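The file run.cif comes next; it holds mmCIF, C-alpha atoms.
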data_entry
#
loop_
_atom_site.label_atom_id
_atom_site.label_comp_id
_atom_site.auth_asym_id
_atom_site.auth_seq_id
_atom_site.Cartn_x
_atom_site.Cartn_y
_atom_site.Cartn_z
CA MET N 15 -5.97 -13.13 16.74
CA SER N 16 -5.85 -16.50 18.41
CA THR N 17 -8.87 -18.73 17.89
CA GLY N 18 -7.59 -21.76 19.71
CA PHE N 19 -6.80 -23.75 16.61
CA ASP N 20 -4.38 -21.69 14.55
CA ARG N 21 -1.29 -22.15 16.69
CA ALA N 22 -1.43 -25.93 16.59
CA ASP N 23 -2.29 -25.99 12.90
CA ARG N 24 0.58 -23.73 11.91
CA ASP N 25 2.96 -26.30 13.30
CA GLY N 26 5.73 -23.79 13.94
CA LEU N 27 4.83 -21.09 11.37
CA ARG N 28 6.34 -17.91 12.85
CA ARG N 29 6.51 -14.26 11.90
CA GLY N 30 9.69 -13.41 10.04
CA GLU N 31 10.41 -16.98 8.92
CA ARG N 32 12.07 -17.28 5.53
CA ALA N 33 9.77 -18.62 2.82
CA LEU N 34 10.06 -19.93 -0.72
CA VAL N 35 7.10 -19.03 -2.98
CA VAL N 36 6.32 -21.64 -5.65
CA LEU N 37 3.81 -21.16 -8.47
CA PRO N 38 2.50 -24.22 -10.36
CA ASP N 39 1.90 -22.86 -13.87
CA ARG N 40 -0.55 -25.30 -15.38
CA SER N 41 -0.46 -25.48 -19.15
CA ASN N 42 -4.12 -26.54 -19.43
CA GLU N 43 -5.37 -23.47 -17.56
CA SER N 44 -6.20 -20.19 -19.26
CA ASN N 45 -5.08 -17.30 -17.08
CA ALA N 46 -5.17 -13.63 -17.98
CA ARG N 47 -2.34 -12.86 -15.56
CA THR N 48 1.34 -13.05 -16.31
CA THR N 49 3.52 -15.45 -14.37
CA ASP N 50 5.45 -12.58 -12.79
CA ALA N 51 2.24 -10.88 -11.64
CA ARG N 52 0.97 -14.10 -10.07
CA LEU N 53 4.29 -14.62 -8.29
CA ASP N 54 4.19 -11.03 -7.04
CA GLU N 55 0.71 -11.53 -5.63
CA ALA N 56 1.64 -14.81 -3.95
CA ALA N 57 4.69 -13.14 -2.41
CA GLY N 58 2.46 -10.27 -1.27
CA LEU N 59 0.11 -12.72 0.44
CA ALA N 60 3.06 -14.34 2.22
CA GLU N 61 4.41 -10.96 3.32
CA ALA N 62 0.95 -10.04 4.63
CA ILE N 63 1.49 -12.54 7.47
CA SER N 64 5.06 -11.31 7.97
CA LEU N 65 6.86 -14.16 6.22
CA ASP N 66 10.25 -13.21 4.76
CA VAL N 67 10.07 -14.21 1.09
CA ALA N 68 13.60 -15.37 0.28
CA ALA N 69 12.91 -16.52 -3.29
CA ARG N 70 10.13 -17.22 -5.75
CA ILE N 71 9.96 -19.73 -8.55
CA ALA N 72 7.42 -20.98 -11.14
CA PHE N 73 7.21 -24.50 -12.56
CA ARG N 74 5.39 -25.45 -15.72
CA ILE N 75 3.05 -28.37 -15.00
CA ARG N 76 1.58 -30.36 -17.86
CA GLN N 77 -0.15 -33.00 -15.76
CA PRO N 78 -0.67 -32.44 -12.00
CA ARG N 79 0.58 -35.37 -9.91
CA PRO N 80 -2.07 -36.66 -7.45
CA ALA N 81 0.61 -37.34 -4.82
CA THR N 82 2.65 -34.13 -4.94
CA LEU N 83 1.15 -31.86 -7.67
CA PHE N 84 4.69 -31.33 -8.99
CA GLY N 85 6.85 -33.90 -10.78
CA LYS N 86 9.54 -35.81 -8.89
CA GLY N 87 12.38 -33.74 -10.36
CA GLN N 88 10.54 -30.52 -9.59
CA VAL N 89 10.04 -31.56 -5.95
CA GLU N 90 13.78 -32.25 -5.70
CA GLU N 91 14.56 -28.84 -7.21
CA ILE N 92 12.13 -27.14 -4.80
CA ALA N 93 13.85 -28.89 -1.88
CA ALA N 94 17.26 -27.75 -3.14
CA ARG N 95 16.08 -24.16 -3.63
CA ALA N 96 14.52 -24.11 -0.16
CA GLU N 97 17.75 -25.38 1.40
CA GLU N 98 19.81 -22.89 -0.60
CA ALA N 99 17.58 -20.00 0.56
CA ASP N 100 17.40 -21.36 4.11
CA ALA N 101 13.59 -21.29 3.73
CA LYS N 102 11.66 -23.18 6.40
CA VAL N 103 8.28 -22.45 4.82
CA LEU N 104 7.10 -23.41 1.33
CA VAL N 105 4.21 -21.30 0.00
CA VAL N 106 2.45 -23.04 -2.91
CA ASP N 107 0.20 -20.71 -4.90
CA ALA N 108 -2.48 -23.34 -5.51
CA ALA N 109 -5.01 -25.38 -3.56
CA LEU N 110 -3.36 -28.57 -2.32
CA THR N 111 -5.03 -31.77 -1.22
CA PRO N 112 -4.08 -33.03 2.26
CA VAL N 113 -2.04 -35.83 0.66
CA GLN N 114 -0.15 -33.42 -1.61
CA GLN N 115 0.59 -31.12 1.32
CA LYS N 116 1.96 -33.95 3.48
CA ASN N 117 4.05 -35.45 0.69
CA LEU N 118 5.53 -32.07 -0.21
CA GLU N 119 6.47 -31.52 3.43
CA ASP N 120 8.14 -34.93 3.51
CA GLY N 121 9.93 -34.26 0.23
CA THR N 122 11.13 -30.73 0.96
CA LYS N 123 11.59 -30.92 4.76
CA ALA N 124 9.73 -27.58 4.99
CA LYS N 125 6.40 -26.47 6.39
CA VAL N 126 3.99 -26.28 3.41
CA ILE N 127 1.08 -23.86 3.22
CA ASP N 128 -1.17 -23.59 0.16
CA ARG N 129 -3.03 -20.54 -1.18
CA THR N 130 -6.23 -21.33 0.71
CA GLY N 131 -4.40 -21.79 4.02
CA LEU N 132 -2.40 -18.62 3.40
CA ILE N 133 -5.49 -16.47 2.82
CA LEU N 134 -7.15 -17.99 5.87
CA GLU N 135 -4.08 -17.08 7.95
CA ILE N 136 -4.26 -13.49 6.72
CA PHE N 137 -7.95 -13.23 7.50
CA GLY N 138 -7.29 -14.76 10.92
CA GLU N 139 -4.78 -12.02 11.72
CA ARG N 140 -6.91 -9.19 10.30
CA ALA N 141 -10.30 -9.99 11.88
CA ALA N 142 -10.94 -7.40 14.59
CA THR N 143 -14.60 -7.90 15.52
CA ALA N 144 -16.29 -10.84 17.19
CA GLU N 145 -18.22 -11.49 13.99
CA GLY N 146 -15.07 -11.44 11.87
CA ARG N 147 -13.32 -13.87 14.19
CA LEU N 148 -16.29 -16.26 14.08
CA GLN N 149 -16.42 -16.11 10.29
CA VAL N 150 -12.70 -16.83 9.97
CA GLU N 151 -12.80 -19.66 12.50
CA LEU N 152 -15.71 -21.29 10.67
CA ALA N 153 -13.85 -21.08 7.36
CA HIS N 154 -10.67 -22.42 8.97
CA LEU N 155 -12.49 -25.37 10.57
CA ASP N 156 -14.17 -26.17 7.26
CA TYR N 157 -10.77 -26.12 5.55
CA GLN N 158 -9.16 -28.27 8.24
CA ALA N 159 -11.95 -30.83 8.40
CA GLY N 160 -10.29 -32.81 5.62
CA ARG N 161 -6.79 -32.39 7.05
CA LEU N 162 -7.25 -33.90 10.49
CA VAL N 163 -4.11 -34.61 12.41
CA ARG N 164 -3.60 -35.49 16.04
CA SER N 165 -2.79 -31.87 16.86
CA TRP N 166 -6.53 -31.26 16.77
CA THR N 167 -6.86 -32.91 20.18
CA HIS N 168 -5.98 -29.59 21.82
CA LEU N 169 -9.65 -28.67 21.29
CA GLU N 170 -10.66 -31.21 23.92
CA ARG N 171 -8.88 -34.29 25.24
CA GLN N 172 -10.70 -37.58 24.76
CA ARG N 173 -10.35 -39.29 28.12
CA GLY N 174 -11.94 -42.20 29.94
CA GLY N 175 -12.85 -45.68 28.86
CA PHE N 176 -10.62 -48.68 29.06
CA GLY N 177 -8.80 -50.77 26.56
CA PHE N 178 -6.33 -49.13 24.19
CA LEU N 179 -8.56 -47.20 21.76
CA GLY N 180 -8.71 -44.15 24.05
CA GLY N 181 -12.51 -44.09 24.30
CA PRO N 182 -15.64 -46.25 24.07
CA GLY N 183 -15.85 -47.13 20.41
CA GLU N 184 -14.16 -43.93 19.18
CA THR N 185 -10.78 -43.60 17.55
CA GLN N 186 -8.94 -40.33 18.13
CA ILE N 187 -9.55 -39.05 14.63
CA GLU N 188 -13.27 -39.71 14.95
CA ALA N 189 -13.27 -37.78 18.20
CA ASP N 190 -11.44 -34.89 16.52
CA ARG N 191 -13.91 -34.90 13.65
CA ARG N 192 -16.82 -34.83 16.07
CA LEU N 193 -15.28 -31.93 17.99
CA ILE N 194 -14.87 -29.94 14.78
CA ARG N 195 -18.47 -30.64 13.72
CA ASP N 196 -19.77 -29.55 17.12
CA ARG N 197 -17.71 -26.36 17.09
CA MET N 198 -18.83 -25.53 13.53
CA ALA N 199 -22.46 -26.04 14.50
CA ARG N 200 -22.07 -23.63 17.44
CA ILE N 201 -20.40 -21.01 15.25
CA ARG N 202 -23.09 -21.29 12.57
CA LYS N 203 -25.74 -20.75 15.24
CA GLU N 204 -23.95 -17.61 16.45
CA LEU N 205 -23.53 -16.33 12.89
CA GLU N 206 -27.25 -16.89 12.23
CA GLN N 207 -27.92 -14.49 15.09
CA VAL N 208 -25.46 -12.03 13.53
CA LYS N 209 -27.28 -12.42 10.21
CA ARG N 210 -30.64 -11.66 11.83
CA THR N 211 -29.16 -8.60 13.55
CA ARG N 212 -27.70 -7.36 10.27
CA ALA N 213 -31.06 -7.84 8.57
CA LEU N 214 -32.73 -5.71 11.26
CA HIS N 215 -30.12 -3.00 10.78
CA ARG N 216 -30.65 -3.09 7.00
CA ASP N 217 -34.42 -2.78 7.43
CA ARG N 218 -33.88 0.20 9.73
CA ARG N 219 -31.59 1.86 7.16
CA LYS N 220 -34.15 1.27 4.39
CA ARG N 221 -36.72 3.18 6.42
CA ALA N 222 -34.23 6.01 6.91
CA PRO N 223 -33.92 8.67 4.21
CA TRP N 224 -30.25 8.07 3.49
CA PRO N 225 -28.93 6.04 0.55
CA VAL N 226 -26.27 3.38 1.17
CA ILE N 227 -23.21 3.14 -1.10
CA ALA N 228 -20.98 0.05 -0.95
CA LEU N 229 -17.31 0.04 -2.01
CA VAL N 230 -16.07 -3.21 -3.52
CA GLY N 231 -12.86 -4.09 -5.29
CA TYR N 232 -9.79 -6.24 -5.50
CA THR N 233 -7.58 -6.16 -2.44
CA ASN N 234 -5.12 -3.25 -2.49
CA ALA N 235 -7.11 -1.37 -5.16
CA GLY N 236 -7.38 1.64 -2.84
CA LYS N 237 -10.87 1.18 -1.37
CA SER N 238 -9.89 2.10 2.18
CA THR N 239 -7.85 5.09 0.99
CA LEU N 240 -10.88 6.34 -0.95
CA PHE N 241 -13.13 5.59 2.03
CA ASN N 242 -10.88 7.67 4.30
CA ARG N 243 -10.73 10.48 1.74
CA LEU N 244 -14.52 10.71 1.41
CA THR N 245 -15.39 10.23 5.08
CA ARG N 246 -12.31 11.69 6.81
CA ALA N 247 -12.09 8.39 8.67
CA THR N 248 -8.94 6.57 9.76
CA VAL N 249 -9.56 3.04 8.49
CA LEU N 250 -6.25 1.19 8.08
CA ALA N 251 -5.06 1.80 4.53
CA GLU N 252 -1.66 0.36 3.65
CA ASP N 253 0.11 -1.03 0.60
CA LEU N 254 -0.70 -4.47 1.97
CA LEU N 255 -3.03 -7.23 0.78
CA PHE N 256 -6.17 -7.44 2.97
CA ALA N 257 -5.13 -4.45 5.11
CA THR N 258 -8.77 -4.19 6.21
CA LEU N 259 -11.21 -7.01 6.79
CA ASP N 260 -14.18 -5.99 8.93
CA PRO N 261 -16.76 -3.80 7.12
CA THR N 262 -16.99 -0.15 8.19
CA MET N 263 -19.80 2.37 7.66
CA ARG N 264 -19.56 6.16 7.84
CA GLU N 265 -21.63 9.19 6.86
CA ILE N 266 -20.66 11.23 3.79
CA GLN N 267 -22.02 14.44 2.25
CA LEU N 268 -23.49 14.18 -1.26
CA PRO N 269 -24.79 16.93 -3.54
CA GLY N 270 -28.59 16.95 -3.30
CA PHE N 271 -28.72 14.70 -0.22
CA ASP N 272 -28.81 15.49 3.47
CA LYS N 273 -26.31 12.66 3.94
CA ALA N 274 -25.48 9.17 2.72
CA ILE N 275 -23.90 6.05 4.21
CA LEU N 276 -20.65 4.73 2.71
CA SER N 277 -19.67 1.12 3.43
CA ASP N 278 -16.12 -0.23 3.03
CA THR N 279 -16.07 -4.02 2.52
CA VAL N 280 -13.40 -6.69 2.50
CA GLY N 281 -11.19 -6.77 -0.58
CA PHE N 282 -11.51 -9.67 -3.02
CA VAL N 283 -8.73 -11.76 -4.51
CA SER N 284 -8.40 -14.37 -7.26
CA ASN N 285 -9.28 -17.91 -6.19
CA LEU N 286 -10.87 -16.65 -2.98
CA PRO N 287 -11.44 -19.80 -0.86
CA THR N 288 -15.03 -21.00 -1.09
CA GLU N 289 -14.97 -21.52 2.67
CA LEU N 290 -14.42 -17.78 3.13
CA VAL N 291 -17.08 -16.73 0.64
CA ALA N 292 -19.58 -18.93 2.49
CA ALA N 293 -18.50 -17.73 5.94
CA PHE N 294 -18.60 -14.05 4.95
CA ARG N 295 -21.92 -14.24 3.12
CA ALA N 296 -23.74 -12.33 5.89
CA THR N 297 -21.18 -9.53 5.62
CA LEU N 298 -21.21 -9.50 1.82
CA GLU N 299 -25.00 -9.30 1.81
CA GLU N 300 -24.49 -5.68 2.90
CA VAL N 301 -23.38 -5.09 -0.69
CA ALA N 302 -26.57 -6.57 -2.11
CA SER N 303 -28.74 -4.23 0.01
CA ALA N 304 -26.90 -1.06 -1.06
CA ASP N 305 -28.48 1.57 -3.32
CA LEU N 306 -25.25 1.87 -5.34
CA ILE N 307 -22.16 -0.32 -5.72
CA ILE N 308 -18.86 1.44 -6.45
CA HIS N 309 -16.28 -0.93 -7.89
CA VAL N 310 -12.84 0.53 -7.14
CA ARG N 311 -10.17 -0.61 -9.60
CA ASP N 312 -6.41 -0.09 -9.59
CA ILE N 313 -6.26 1.08 -13.20
CA HIS N 314 -2.46 1.32 -12.98
CA HIS N 315 -2.09 -2.40 -12.23
CA PRO N 316 -1.09 -4.52 -15.26
CA ASP N 317 -3.75 -7.11 -14.33
CA SER N 318 -6.56 -4.61 -13.73
CA ASP N 319 -8.91 -6.35 -16.19
CA ALA N 320 -8.26 -9.76 -14.64
CA GLN N 321 -8.84 -8.31 -11.17
CA LYS N 322 -12.15 -6.87 -12.35
CA SER N 323 -13.15 -10.34 -13.56
CA ASP N 324 -12.34 -11.84 -10.14
CA VAL N 325 -14.47 -9.24 -8.35
CA GLU N 326 -17.33 -9.85 -10.77
CA GLN N 327 -17.17 -13.59 -10.02
CA VAL N 328 -17.69 -12.96 -6.30
CA LEU N 329 -20.51 -10.49 -7.00
CA THR N 330 -22.14 -13.03 -9.32
CA SER N 331 -22.04 -15.60 -6.51
CA LEU N 332 -24.10 -13.10 -4.49
CA GLY N 333 -26.62 -12.72 -7.32
CA LEU N 334 -25.15 -9.36 -8.34
CA GLY N 335 -23.58 -10.22 -11.69
CA GLU N 336 -23.47 -7.66 -14.50
CA GLY N 337 -26.83 -7.51 -16.23
CA GLU N 338 -28.64 -8.99 -13.22
CA GLU N 339 -31.24 -7.03 -11.30
CA GLY N 340 -29.70 -5.26 -8.35
CA PRO N 341 -28.11 -2.00 -7.20
CA ALA N 342 -26.79 0.50 -9.75
CA ARG N 343 -23.06 0.14 -10.52
CA LEU N 344 -20.24 2.65 -10.98
CA GLU N 345 -16.58 1.91 -11.70
CA VAL N 346 -13.89 4.08 -10.13
CA TRP N 347 -10.56 3.89 -11.93
CA ASN N 348 -8.18 4.69 -9.10
CA LYS N 349 -4.44 5.51 -9.08
CA ILE N 350 -4.73 7.53 -12.28
CA ASP N 351 -1.81 9.62 -11.02
CA LEU N 352 0.52 6.62 -11.39
CA LEU N 353 -0.07 6.49 -15.15
CA GLY N 354 2.05 8.74 -17.29
CA GLY N 355 1.94 10.28 -20.74
CA GLU N 356 0.10 8.33 -23.40
CA ASP N 357 -1.14 5.64 -20.99
CA GLN N 358 -2.93 8.20 -18.82
CA GLU N 359 -4.37 9.97 -21.84
CA ALA N 360 -5.71 6.70 -23.26
CA VAL N 361 -7.38 5.80 -19.95
CA LEU N 362 -8.92 9.26 -19.56
CA ASN N 363 -10.27 9.15 -23.13
CA GLU N 364 -11.77 5.70 -22.57
CA ALA N 365 -13.41 6.85 -19.32
CA ALA N 366 -14.82 9.97 -21.04
CA ARG N 367 -16.64 7.75 -23.54
CA ARG N 368 -18.44 5.87 -20.76
CA ASP N 369 -21.08 7.07 -18.32
CA ASP N 370 -20.36 4.34 -15.74
CA VAL N 371 -16.71 5.28 -15.04
CA VAL N 372 -15.02 7.97 -12.93
CA THR N 373 -11.24 8.43 -12.81
CA LEU N 374 -9.44 9.70 -9.73
CA SER N 375 -6.54 9.40 -7.31
CA ALA N 376 -7.77 8.49 -3.84
CA LEU N 377 -4.32 9.28 -2.45
CA SER N 378 -4.12 12.86 -3.73
CA GLY N 379 -7.86 13.55 -3.82
CA GLU N 380 -7.82 14.47 -7.51
CA GLY N 381 -11.22 13.64 -9.05
CA THR N 382 -13.08 12.89 -5.79
CA ASP N 383 -15.40 15.91 -6.20
CA GLY N 384 -16.37 14.58 -9.61
CA LEU N 385 -17.07 11.19 -8.05
CA LEU N 386 -19.42 12.70 -5.46
CA ASP N 387 -21.25 14.66 -8.17
CA ARG N 388 -21.66 11.53 -10.30
CA VAL N 389 -22.85 9.45 -7.32
CA GLY N 390 -25.43 12.11 -6.48
CA GLN N 391 -26.65 12.11 -10.09
CA MET N 392 -26.95 8.31 -10.20
CA LEU N 393 -28.86 8.17 -6.92
CA ARG N 394 -31.31 10.75 -8.26
CA GLU N 395 -31.79 8.96 -11.59
CA GLY N 396 -35.29 7.59 -12.02
CA ALA N 397 -36.69 10.19 -9.64
CA SER N 398 -40.22 11.34 -10.40
CA VAL N 399 -42.48 14.07 -9.07
CA HIS N 400 -45.13 13.07 -6.52
CA HIS N 401 -47.96 15.30 -5.29
CA LEU N 402 -48.52 14.70 -1.60
CA ARG N 403 -51.03 16.02 0.88
CA LEU N 404 -50.54 15.59 4.64
CA PRO N 405 -51.47 17.30 7.93
CA ALA N 406 -49.66 20.58 8.53
CA SER N 407 -48.92 19.39 12.05
CA ASP N 408 -46.91 16.42 10.75
CA GLY N 409 -43.62 18.31 10.91
CA GLN N 410 -41.49 15.17 11.13
CA ARG N 411 -42.65 13.73 7.81
CA ILE N 412 -42.57 17.14 6.11
CA ALA N 413 -38.95 17.56 7.25
CA TRP N 414 -38.18 14.04 5.94
CA LEU N 415 -39.42 15.04 2.48
CA HIS N 416 -37.26 18.17 2.49
CA ARG N 417 -34.19 16.11 3.46
CA SER N 418 -34.78 13.18 1.14
CA GLY N 419 -36.23 14.70 -1.99
CA GLU N 420 -36.38 17.87 -4.03
CA VAL N 421 -39.41 19.89 -2.90
CA LEU N 422 -40.64 21.73 -6.03
CA GLU N 423 -43.76 23.26 -4.49
CA SER N 424 -45.06 23.66 -0.96
CA ARG N 425 -48.24 25.43 0.12
CA ALA N 426 -50.65 25.39 3.04
CA GLU N 427 -54.29 24.57 2.41
CA GLY N 428 -56.16 24.95 5.69
CA ASP N 429 -54.91 22.33 8.14
CA GLU N 430 -53.08 20.49 5.38
CA MET N 431 -49.84 20.93 3.46
CA PHE N 432 -49.60 20.27 -0.26
CA LEU N 433 -46.16 19.35 -1.58
CA ALA N 434 -44.80 18.47 -5.01
CA VAL N 435 -41.66 16.43 -4.35
CA ARG N 436 -39.23 14.71 -6.67
CA LEU N 437 -38.29 11.34 -5.08
CA THR N 438 -36.15 8.43 -6.22
CA PRO N 439 -37.90 5.02 -6.32
CA GLU N 440 -35.94 4.00 -3.20
CA ASN N 441 -36.99 7.09 -1.26
CA LEU N 442 -40.57 6.72 -2.43
CA GLN N 443 -40.51 3.21 -0.97
CA ARG N 444 -39.04 4.57 2.26
CA TRP N 445 -41.73 7.27 2.37
CA GLN N 446 -44.47 4.70 1.96
CA SER N 447 -43.07 2.68 4.88
CA LEU N 448 -42.92 5.65 7.28
#
So, in terms of structure tokens, how does the structure I just supplied come out?
Amino acid sequence: MSTGFDRADRDGLRRGERALVVLPDRSNESNARTTDARLDEAAGLAEAISLDVAARIAFRIRQPRPATLFGKGQVEEIAARAEEADAKVLVVDAALTPVQQKNLEDGTKAKVIDRTGLILEIFGERAATAEGRLQVELAHLDYQAGRLVRSWTHLERQRGGFGFLGGPGETQIEADRRLIRDRMARIRKELEQVKRTRALHRDRRKRAPWPVIALVGYTNAGKSTLFNRLTRATVLAEDLLFATLDPTMREIQLPGFDKAILSDTVGFVSNLPTELVAAFRATLEEVASADLIIHVRDIHHPDSDAQKSDVEQVLTSLGLGEGEEGPARLEVWNKIDLLGGEDQEAVLNEAARRDDVVTLSALSGEGTDGLLDRVGQMLREGASVHHLRLPASDGQRIAWLHRSGEVLESRAEGDEMFLAVRLTPENLQRWQSL
């Protein structure tokens, strides 16, 4: 995807360029992940935009330096390692200030990209819909607003005026800042329209008899593979961070239901840029309106618990934290086939003790029937019997009740039909709005 700003901002970042991944390991931060796991993820993010990771290194940082983040000796060592590996790109797995980024580039003679910029690049390449591209561009502009350089003038040349300031009372950087603000305002206006359209679609789905199930999870946990397995769809599913970005909805068959809607959402990641969370709020609100949230976890991953915590943080920011009022929740422990012996047995025993967990392998299909049965049970929980009387000629609403609930009794009484129907609270609400 080319949004008009990414080429200039990359300043020569090209596919296949050799990169050095550097992790600042801060001693004052508590982190549930191991250093190796964090380096692996940072390398995976770099590879997701086709950088060639030549080497990776972690530095212990006691006190972050305002000018460079790393100490002077560490910067010199990074420069030496980059030269030794012939790496033209330095990927720093942390959020850098504009000053730190510039000073590191001066000190290492390499193009520097921080974690936020890296994730934005990935999202920029993955966005396939007009909405996705707008959301990514807004996040990117927000990120770049504090990193203005003269390359931003490609948005619009400031011409006219006389004297040597380039414009009547405006310096170039002020003009650039104004152009960014104007562009962001236009994008926000377009996204507001998208938000209204999504809200209309959600209202229409609520009036329909079909429950909506949203898949969430850490990136690369297997959401898209499970989505394809359950819907027989062909959503891109690769061993690649953020392989899918734009949300997808498909019909699935559930026991006890005529049909249901399954939604595959963007994968989450630790330290997800706040700019992206804000930009994708309209998309993520699809999760909040679902009848059931399925949290897909890579139970084979050594940092599975930490990944769960990161997903919960994003859900909490949407008002969907554990214990808060909202859709029902179910955890799917995926990739069970990758565990062997005692590890697999321990996981299966733990899952058997809980009623909010299903184990499976999305790749092989093992356990997916059990998942569908459990989802059907959860969607029917809280259902109660309602005695309804309506005109016998109202075939459309009678058919709706047969599709959406469990009809326990049905008899004709003159020109009327009497039905005893077991309905979930959600379907009762839908019935009342018909």
Next item on the list: Compile the contact shell of N:Glu299 as a list of chain:residue names: residues with an atom at most 10 Å away, counting all atoms listed in the file, same-chain residues fewer than 6 positions apart removed.
Entry: N:Lys209, N:Arg212, N:Ala213, N:Arg216, N:Leu329, N:Leu332, N:Gly333
Notebook entry, point to check: To one decimal place, how far is atom CA of N:Val36 from atom CA of N:Ser331 in Å?
Noted result: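 It comes out at 29.0 Å.
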Next item on the list: Step by step, work through what the PyMOL selection byres ((chain N and resi 419-423) around 7) selects in the shown file, and finish by giving those residues as a ChimeraX atom specification.
Entry: /N:415-418,424-425,433-437
Next item on the list: Between atom CA of N:Met392 and atom CA of N:His309, measure the distance and give it in Å to one decimal.
Entry: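 Straight-line distance from atom CA of N:Met392 to atom CA of N:His309 works out to 14.3 Å.
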Margin query: Could you tell me, as a list in words, exactly which residues end up selected when the PyMOL selection byres ((chain N and resi 374-386) around 9) is applied to this structure?
Written below: Gly236, Lys237, Thr239, Leu240, Phe241, Asn242, Arg243, Leu244, Gln267, Leu268, Pro269, Val346, Trp347, Asn348, Lys349, Ile350, Asp351, Leu352, Val372, Thr373, Asp387, Arg388, Val389, Gly390 and Gln391 of chain N
Where does the PyMOL selection byres ((chain N and resi 71-76) around 10) land in this file, that is, which residues does it pick, as an mmCIF file with C-alpha atoms, in the coordinates of the input?
data_model
loop_
_atom_site.group_PDB
_atom_site.id
_atom_site.type_symbol
_atom_site.label_atom_id
_atom_site.label_comp_id
_atom_site.auth_asym_id
_atom_site.auth_seq_id
_atom_site.Cartn_x
_atom_site.Cartn_y
_atom_site.Cartn_z
ATOM 1 C CA LEU N 34 10.060 -19.930 -0.720
ATOM 2 C CA VAL N 35 7.100 -19.030 -2.980
ATOM 3 C CA VAL N 36 6.320 -21.640 -5.650
ATOM 4 C CA LEU N 37 3.810 -21.160 -8.470
ATOM 5 C CA PRO N 38 2.500 -24.220 -10.360
ATOM 6 C CA ASP N 39 1.900 -22.860 -13.870
ATOM 7 C CA ARG N 40 -0.550 -25.300 -15.380
ATOM 8 C CA SER N 41 -0.460 -25.480 -19.150
ATOM 9 C CA ASN N 42 -4.120 -26.540 -19.430
ATOM 10 C CA GLU N 43 -5.370 -23.470 -17.560
ATOM 11 C CA THR N 49 3.520 -15.450 -14.370
ATOM 12 C CA ASP N 50 5.450 -12.580 -12.790
ATOM 13 C CA ARG N 52 0.970 -14.100 -10.070
ATOM 14 C CA LEU N 53 4.290 -14.620 -8.290
ATOM 15 C CA ALA N 69 12.910 -16.520 -3.290
ATOM 16 C CA ARG N 70 10.130 -17.220 -5.750
ATOM 17 C CA GLN N 77 -0.150 -33.000 -15.760
ATOM 18 C CA PRO N 78 -0.670 -32.440 -12.000
ATOM 19 C CA ARG N 79 0.580 -35.370 -9.910
ATOM 20 C CA LEU N 83 1.150 -31.860 -7.670
ATOM 21 C CA PHE N 84 4.690 -31.330 -8.990
ATOM 22 C CA GLY N 85 6.850 -33.900 -10.780
ATOM 23 C CA GLN N 88 10.540 -30.520 -9.590
ATOM 24 C CA ILE N 92 12.130 -27.140 -4.800
ATOM 25 C CA ARG N 95 16.080 -24.160 -3.630
ATOM 26 C CA VAL N 106 2.450 -23.040 -2.910
ATOM 27 C CA ASP N 107 0.200 -20.710 -4.900
#
Checklist line | Atom-to-atom span, atom CA of N:Arg47 and atom CA of N:Val328, Å | finding: 17.9 Å
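Closest to N:Glu145 among N:Met198, N:Leu442, N:Val361, N:Val208 is N:Val208, based on all atoms listed in the file.
Considering the residues N:Val89, N:Ile194, N:Ala51, N:Leu229 and counting only C-alpha atoms, N:Pro316 has its shortest atom-to-atom contact with N:Ala51.
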Next item on the list: Compare N:Lys116, N:Arg147, N:Arg129, N:His154 by their minimum atom-to-atom distance to N:Glu289, counting all atoms listed in the file, and give me the closest one.
Entry: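 Looking at the shortest contact to N:Glu289, the residue is N:His154.
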Output stretch 69-74 of chain N as a short mmCIF file (atom, residue, chain, number, x, y, z; two decimals), keeping the file's coordinate frame, making sure N, CA, C and O atoms are there.
data_model
loop_
_atom_site.label_atom_id
_atom_site.label_comp_id
_atom_site.auth_asym_id
_atom_site.auth_seq_id
_atom_site.Cartn_x
_atom_site.Cartn_y
_atom_site.Cartn_z
N ALA N 69 12.82 -16.26 -1.85
CA ALA N 69 12.91 -16.52 -3.29
C ALA N 69 11.55 -16.91 -3.80
O ALA N 69 10.66 -17.29 -3.03
N ARG N 70 11.39 -16.81 -5.11
CA ARG N 70 10.13 -17.22 -5.75
C ARG N 70 10.46 -17.93 -7.05
O ARG N 70 11.42 -17.58 -7.74
N ILE N 71 9.67 -18.93 -7.37
CA ILE N 71 9.96 -19.73 -8.55
C ILE N 71 8.67 -20.29 -9.12
O ILE N 71 7.73 -20.57 -8.38
N ALA N 72 8.59 -20.41 -10.47
CA ALA N 72 7.42 -20.98 -11.14
C ALA N 72 7.83 -22.24 -11.87
O ALA N 72 8.93 -22.31 -12.44
N PHE N 73 6.97 -23.25 -11.85
CA PHE N 73 7.21 -24.50 -12.56
C PHE N 73 6.06 -24.76 -13.51
O PHE N 73 4.88 -24.64 -13.14
N ARG N 74 6.41 -25.09 -14.74
CA ARG N 74 5.39 -25.45 -15.72
C ARG N 74 4.92 -26.87 -15.43
O ARG N 74 5.73 -27.79 -15.29
#
